[in-house]
Amino acid sequence: MSARRRFGTSRFPAGGTRSFDTSGERMRELRSATGRWIAGAAALLAGAMPLTAMPPASAQDAPPALKPVQIVLLVDQSGSLTEQDVAAERDAARVIVQGEPARDSTVSVFGFGSANEIGRSAVDPICAPTKTDSPQNRQSLAECVGGIHRRTPAEGNGTDHVEALRQALSSLSAPGGEDQPKIVYLLTDGVLDVTDSPGYGTTDDERNAEARFRLRGVLDSLKQAGVSVWPLGFGQADPAQLDRFATGAAEHSCGLRTEKPHATVIKESADLWGAIGRASSAARCTSVGEPVPGQLPSGGTVDLPVEVPAIASEGTILVFKRDRRVRVDYLDPNGAKVELAATGDPGGSYFELSGQDTEAEALRIRYPVPGRWTVRLTSPPGVPPQEVGATTVFQGAVRAMPYFTPQNPAPGSTVEFFMQVRGARTAIKDPAQLTGLTLTAGLSGDGFAPIPPVELSDEDGDGEYRGRIVVPATAKGRLDFAADITGVGVSGDHQIMPTRVSSGSGGVQTVLNLDGAGGEVVAGTSLNGSVDVNNATGRPRTLRFEVTDLSQGALVRASPEKLVVPPAAGSQRLGFTLTFDPATALGSNQGRIRLVDEATGEVLREPVFEREVVAPPTLVETLWWLWILLLAAVVAAVGATLLRRRRRNAERDVRGIRVELRRHGQPTGNSVKAHQHGTEFRFGVHRGESAADTRITGGSGGDRYRVRRAAGRPVLTGPAGQPLGLSPGGSLELADGVELVVHDRPARRRRAKPARGKPVHSGTPARPKRSYDPYDL
């Protein structure tokens, strides 16, 4: 990432000279583990001293919300449509009214035919203007759409587009929602037929000609009112004829590369959902998923997978079940079933269910878990097999976070424009989530014609978009920079950032720097910053810090709140700190530092900052050195104990002790030795009828003796438990010249035996055999 693109690393002063901040070294120790622990200790201390002057609630930016729209559905109920065509219109109406993502949008549905008698109306209200702000209202819309039907001749089964469009214009011109986008969906076969309507003339040709003339007028009125009309053709519709309705109304755009209003013809029922989705995507800027059809067997179950995009903040999973007895379950990408009757709030998402008792139901989700959801439909026994389907209608609420430098450009100079996208919770940096969005910057002001928007680009793929705008040489006074985000799948955003052209060398020029670009901040700690100021006004000026546009949960303040800058020839550096409250939200904290000249009210700088806030370490983590010392002491103590135990066990180990029977000082070949580890060696002496029959054995029977070690030397105990003073190599007379001899070779002094089969080196002379007993010491 280039240094010039991160606030706190470099910025451009008003004169156009780049100033680099090298004080970011102070933040590097926070990136190390030790620095984190030290910072955590500081945070613990800071927690004991409450911070003051934290940002008020107004300083925290409200999460972006979807922009509401006004929608009118005009549904053709004329006799030129078949019952199948009208059923398809009902399905299309359900997708539109139940899939509307914004909570404060208003939806109206009108059916139309013709007025074949004076006093009759060509238009019937199907669904009164209804806000989509509650499950009850959406349930009402789902139910009333079922009233769409094919008109009889007595009701007037012609096709009067003029009166239908006039009704839409009247509904959209009602007080309230004047600044909201206005959309008309015209569901028709496009065949105008008012031959039986006396209000248009006396003959068939005269009536249709008059209707076509009046149609041009009403379309012009719709265009002037800023209404976009999207025709959806059913039955034997003529695309060229339908396009007249679209091109005659105002154009609505979701971005530089999105479609303009045009007709969509639905020839088969299989095309219905896809066609409605494409029209809704372009008309409403929503993200409509590919429809997923399926066959539900009688008494069986079918799973339909649907995708929820990552950028979505609100939307709907719409299910066509055809029979109200079919049960629908919803499983999120983790396999968890949505357990609720009408509303719920598990896992940070908010759910509302409507339309359960109709042919199509909708699960509305706010802050959904992105990924693949599963719609599970279960049919009770006795319900006929049927075709079912599901689709998604979602939209992301986004907000532009723009800034530019220099803040007060001179006429003819180039401005560097930067913009990030903030979602419902925090900044969006994943390029995959931003695909399809268009970010632009424009400029208007005094002394020049508005500059067309310049498209910004994200060359580094880090979520920060950049572009350049040249201020016209004729600019004077006011400058208004415009930031726009548009695209299918988002509600978009439009912001105006006012400033003025540079006042020249006689004003106040500033460069603002902040430490720790791209690093982490421990909650409760501060970042150091500096302001390089050139005050050429000739008198002291007071600069005020304002921390604004904070993301949800961010608690950040700048101190001191004001800086008094004395007049000076040249640049002077003044310091400040940006403190993150211990209670600030963990994760990305984003906002804007605004530097205002109190004397003039002029905004000198307002760059965007963003830091990843992490939790303070626990007491265990903070005192890591103490725990390491304690652990080392424990290890040393355990090691010393084990060593002492090993030495003590070695001193008491009876291995190496052997007892031998001799007669008149000569070996008899009868001996027993201790082979296994232990603290006691037992053996027995069997006395026969003569001394020659006396034997020692390791088994039971005879007189029982035992040998233990004391102070490393063997101690022999007799059958009666009496100690027998017998040193190694000494003898104990048993009877008639029979002696018991104890030999000792401690285990720690045993010599390694040579490996079997190992050849003897030819150059090494053979040693003579030794005559002494190797067990004797």
# chains A, B, ... in the order shown; residues from 1 in each chain; ligands from 1
>>> select_by_dssp(residues="range 526-632 of chain A", states="helix (DSSP H, G or I)", output="compact mmCIF listing (two decimals) with C-alpha atoms, in the first residue's frame")
# COMPACT_ATOMS: atom_id res chain seq x y z
CA LEU A 619 -4.27 -9.31 34.53
CA VAL A 620 -2.60 -12.62 33.73
CA GLU A 621 -1.37 -11.25 30.41
CA THR A 622 -0.29 -7.93 31.91
CA TRP A 624 3.32 -12.15 32.31
CA TRP A 625 6.85 -11.67 33.69
CA LEU A 626 5.66 -12.48 37.22
CA TRP A 627 3.94 -15.66 36.07
CA ILE A 628 7.08 -16.72 34.19
CA LEU A 629 9.20 -16.21 37.33
CA LEU A 630 6.69 -18.13 39.43
CA LEU A 631 6.60 -20.93 36.90
CA ALA A 632 10.40 -21.09 36.82
>>> residues_around(residues="Gly217 in chain A", least_positions_apart="2", cutoff="12 Å", atoms="only C-alpha atoms", output="PyMOL selection string")
chain A and resi 162-163+165-166+169+210-215+219-224+245+248-249
>>> write_last_selection(atoms="C-alpha atoms", output="mmCIF file, in the first residue's frame")
data_model
loop_
_atom_site.group_PDB
_atom_site.id
_atom_site.type_symbol
_atom_site.label_atom_id
_atom_site.label_comp_id
_atom_site.auth_asym_id
_atom_site.auth_seq_id
_atom_site.Cartn_x
_atom_site.Cartn_y
_atom_site.Cartn_z
ATOM 1 C CA VAL A 162 -54.286 6.294 -19.378
ATOM 2 C CA GLU A 163 -56.501 6.100 -16.301
ATOM 3 C CA LEU A 165 -51.131 5.834 -15.059
ATOM 4 C CA ARG A 166 -53.136 8.860 -13.896
ATOM 5 C CA LEU A 169 -49.416 9.846 -10.648
ATOM 6 C CA GLU A 210 -57.941 9.875 -28.136
ATOM 7 C CA ALA A 211 -56.536 7.477 -25.517
ATOM 8 C CA ARG A 212 -53.182 7.340 -27.315
ATOM 9 C CA PHE A 213 -53.086 11.145 -27.422
ATOM 10 C CA ARG A 214 -53.879 11.447 -23.712
ATOM 11 C CA LEU A 215 -51.268 8.767 -22.939
ATOM 12 C CA LEU A 219 -46.323 10.119 -19.531
ATOM 13 C CA ASP A 220 -44.913 13.648 -19.778
ATOM 14 C CA SER A 221 -46.481 14.472 -16.419
ATOM 15 C CA LEU A 222 -44.919 11.364 -14.875
ATOM 16 C CA LYS A 223 -41.523 12.366 -16.256
ATOM 17 C CA GLN A 224 -41.818 15.880 -14.824
ATOM 18 C CA PHE A 245 -44.346 3.458 -21.401
ATOM 19 C CA GLY A 248 -41.934 8.207 -21.823
ATOM 20 C CA ALA A 249 -41.185 8.428 -18.096
#
>>> atom_distance(atom1="CA of Arg468 in chain A", atom2="CA of Val547 in chain A")
25.9 Å
>>> residues_around(residues="Ser457 in chain A", least_positions_apart="5", cutoff="7 Å", atoms="only C-alpha atoms", output="MDAnalysis selection string")
chainID A and resid 465:467
>>> select_by_dssp(residues="range 153-360 of chain A", states="strand (DSSP E or B)", output="MDAnalysis selection string")
chainID A and resid 159 182:188 193 227:233 264:265 287:288 292:296 301:308 314:320 327:331 337 343:344 350:354 360
>>> write_last_selection(atoms="N, CA and C atoms", output="short mmCIF file (atom, residue, chain, number, x, y, z; two decimals), in the first residue's frame")
data_model
loop_
_atom_site.label_atom_id
_atom_site.label_comp_id
_atom_site.auth_asym_id
_atom_site.auth_seq_id
_atom_site.Cartn_x
_atom_site.Cartn_y
_atom_site.Cartn_z
N THR A 159 -58.77 -2.22 -21.68
CA THR A 159 -57.45 -1.90 -21.14
C THR A 159 -57.22 -0.40 -21.26
N LYS A 182 -39.66 7.43 -6.82
CA LYS A 182 -41.02 7.00 -7.14
C LYS A 182 -40.96 6.03 -8.31
N ILE A 183 -41.54 4.85 -8.11
CA ILE A 183 -41.46 3.78 -9.10
C ILE A 183 -42.85 3.25 -9.40
N VAL A 184 -43.13 3.04 -10.68
CA VAL A 184 -44.37 2.42 -11.11
C VAL A 184 -44.03 1.14 -11.87
N TYR A 185 -44.60 0.02 -11.43
CA TYR A 185 -44.52 -1.23 -12.17
C TYR A 185 -45.85 -1.41 -12.91
N LEU A 186 -45.79 -1.47 -14.23
CA LEU A 186 -46.98 -1.63 -15.04
C LEU A 186 -47.03 -3.05 -15.57
N LEU A 187 -47.93 -3.86 -15.01
CA LEU A 187 -48.08 -5.26 -15.40
C LEU A 187 -49.22 -5.35 -16.41
N THR A 188 -48.91 -5.61 -17.68
CA THR A 188 -49.93 -5.54 -18.73
C THR A 188 -49.46 -6.32 -19.96
N ASP A 193 -57.04 -0.72 -25.16
CA ASP A 193 -58.37 -1.01 -25.74
C ASP A 193 -59.43 -0.29 -24.90
N VAL A 227 -41.01 10.29 -11.90
CA VAL A 227 -41.48 8.93 -11.71
C VAL A 227 -40.90 8.04 -12.80
N SER A 228 -40.34 6.90 -12.42
CA SER A 228 -39.86 5.93 -13.40
C SER A 228 -40.89 4.82 -13.56
N VAL A 229 -41.16 4.45 -14.81
CA VAL A 229 -42.16 3.43 -15.13
C VAL A 229 -41.46 2.23 -15.73
N TRP A 230 -41.71 1.05 -15.14
CA TRP A 230 -41.12 -0.21 -15.61
C TRP A 230 -42.23 -1.13 -16.06
N PRO A 231 -42.41 -1.29 -17.39
CA PRO A 231 -43.46 -2.19 -17.89
C PRO A 231 -43.01 -3.66 -17.81
N LEU A 232 -43.92 -4.50 -17.35
CA LEU A 232 -43.71 -5.95 -17.33
C LEU A 232 -44.80 -6.57 -18.19
N GLY A 233 -44.41 -7.19 -19.30
CA GLY A 233 -45.37 -7.70 -20.25
C GLY A 233 -45.82 -9.11 -19.96
N THR A 264 -39.97 -5.49 -20.06
CA THR A 264 -39.60 -6.90 -19.91
C THR A 264 -40.83 -7.75 -20.18
N VAL A 265 -40.71 -8.66 -21.15
CA VAL A 265 -41.85 -9.50 -21.53
C VAL A 265 -41.68 -10.88 -20.93
N SER A 287 -30.70 -6.41 -4.84
CA SER A 287 -30.03 -7.62 -5.29
C SER A 287 -31.05 -8.76 -5.22
N VAL A 288 -31.49 -9.21 -6.37
CA VAL A 288 -32.49 -10.27 -6.45
C VAL A 288 -31.78 -11.54 -6.89
N VAL A 292 -34.95 -20.28 -7.41
CA VAL A 292 -34.63 -21.71 -7.24
C VAL A 292 -35.95 -22.49 -7.23
N PRO A 293 -36.27 -23.21 -8.32
CA PRO A 293 -37.51 -24.00 -8.35
C PRO A 293 -37.28 -25.38 -7.75
N GLY A 294 -38.36 -26.07 -7.44
CA GLY A 294 -38.29 -27.43 -6.93
C GLY A 294 -39.64 -28.11 -7.02
N GLN A 295 -39.63 -29.45 -6.92
CA GLN A 295 -40.84 -30.25 -6.94
C GLN A 295 -41.09 -30.81 -5.54
N LEU A 296 -42.21 -30.43 -4.95
CA LEU A 296 -42.56 -30.89 -3.61
C LEU A 296 -43.52 -32.06 -3.72
N THR A 301 -40.71 -33.73 1.52
CA THR A 301 -39.94 -32.54 1.84
C THR A 301 -38.98 -32.23 0.69
N VAL A 302 -38.73 -30.95 0.47
CA VAL A 302 -37.73 -30.53 -0.51
C VAL A 302 -36.96 -29.35 0.06
N ASP A 303 -35.63 -29.32 -0.18
CA ASP A 303 -34.76 -28.23 0.28
C ASP A 303 -34.39 -27.37 -0.92
N LEU A 304 -34.52 -26.06 -0.77
CA LEU A 304 -34.16 -25.11 -1.81
C LEU A 304 -33.05 -24.21 -1.28
N PRO A 305 -31.85 -24.24 -1.88
CA PRO A 305 -30.76 -23.37 -1.41
C PRO A 305 -30.85 -21.98 -2.04
N VAL A 306 -30.71 -20.95 -1.21
CA VAL A 306 -30.71 -19.57 -1.70
C VAL A 306 -29.51 -18.85 -1.10
N GLU A 307 -29.01 -17.85 -1.83
CA GLU A 307 -27.82 -17.12 -1.41
C GLU A 307 -28.20 -15.74 -0.87
N VAL A 308 -27.59 -15.38 0.27
CA VAL A 308 -27.72 -14.04 0.82
C VAL A 308 -26.38 -13.34 0.66
N GLU A 314 -30.54 -5.63 4.83
CA GLU A 314 -31.95 -5.97 5.01
C GLU A 314 -32.46 -6.64 3.75
N GLY A 315 -33.49 -7.44 3.91
CA GLY A 315 -34.08 -8.07 2.74
C GLY A 315 -35.02 -9.19 3.11
N THR A 316 -35.35 -9.99 2.11
CA THR A 316 -36.40 -10.99 2.27
C THR A 316 -36.05 -12.26 1.53
N ILE A 317 -36.38 -13.40 2.16
CA ILE A 317 -36.41 -14.69 1.46
C ILE A 317 -37.88 -14.97 1.15
N LEU A 318 -38.20 -14.99 -0.14
CA LEU A 318 -39.58 -15.14 -0.58
C LEU A 318 -39.80 -16.57 -1.09
N VAL A 319 -40.84 -17.22 -0.58
CA VAL A 319 -41.10 -18.63 -0.90
C VAL A 319 -42.50 -18.76 -1.52
N PHE A 320 -42.54 -19.37 -2.71
CA PHE A 320 -43.81 -19.68 -3.36
C PHE A 320 -44.16 -21.13 -3.04
N ARG A 327 -45.69 -26.31 5.08
CA ARG A 327 -44.90 -25.67 6.12
C ARG A 327 -43.51 -25.32 5.58
N VAL A 328 -43.00 -24.16 5.98
CA VAL A 328 -41.69 -23.70 5.52
C VAL A 328 -40.80 -23.47 6.73
N ASP A 329 -39.59 -24.06 6.67
CA ASP A 329 -38.56 -23.82 7.69
C ASP A 329 -37.36 -23.16 7.02
N TYR A 330 -36.66 -22.33 7.80
CA TYR A 330 -35.51 -21.58 7.28
C TYR A 330 -34.27 -21.93 8.10
N LEU A 331 -33.20 -22.35 7.43
CA LEU A 331 -31.95 -22.70 8.09
C LEU A 331 -30.85 -21.75 7.60
N LYS A 337 -31.73 -23.48 12.71
CA LYS A 337 -33.11 -23.23 12.27
C LYS A 337 -33.63 -21.95 12.91
N THR A 343 -41.72 -12.76 15.07
CA THR A 343 -40.54 -11.91 15.19
C THR A 343 -39.50 -12.62 16.03
N GLY A 344 -38.27 -12.15 15.98
CA GLY A 344 -37.22 -12.73 16.79
C GLY A 344 -35.93 -11.96 16.61
N TYR A 350 -32.48 -9.78 12.92
CA TYR A 350 -33.88 -9.55 13.30
C TYR A 350 -34.77 -10.16 12.22
N PHE A 351 -35.77 -10.95 12.64
CA PHE A 351 -36.61 -11.69 11.70
C PHE A 351 -38.07 -11.27 11.83
N GLU A 352 -38.75 -11.20 10.70
CA GLU A 352 -40.19 -10.98 10.66
C GLU A 352 -40.77 -11.89 9.59
N LEU A 353 -41.84 -12.56 9.93
CA LEU A 353 -42.45 -13.52 9.02
C LEU A 353 -43.85 -13.03 8.65
N SER A 354 -44.18 -13.13 7.37
CA SER A 354 -45.50 -12.72 6.91
C SER A 354 -45.92 -13.63 5.76
N ALA A 360 -47.78 -17.50 -0.91
CA ALA A 360 -46.35 -17.12 -0.87
C ALA A 360 -46.09 -16.46 0.47
#
>>> residues_around(residues="range 124-128 of chain A", least_positions_apart="5", cutoff="9 Å", atoms="only C-alpha atoms", output="PyMOL selection string")
chain A and resi 107-113+140-141+144-148
>>> atom_distance(atom1="CA of Leu66 in chain A", atom2="CA of Met497 in chain A")
21.5 Å
>>> atom_distance(atom1="CA of Glu143 in chain A", atom2="CA of Glu178 in chain A")
28.0 Å
>>> closest_residue(among="A:Ser134, A:Ser690, A:Ser170, A:Asn116", to="Gly199 in chain A", atoms="only C-alpha atoms")
A:Asn116
>>> closest_residue(among="A:Val741, A:Met401, A:Leu586, A:Ala427", to="His494 in chain A", atoms="only C-alpha atoms")
A:Met401
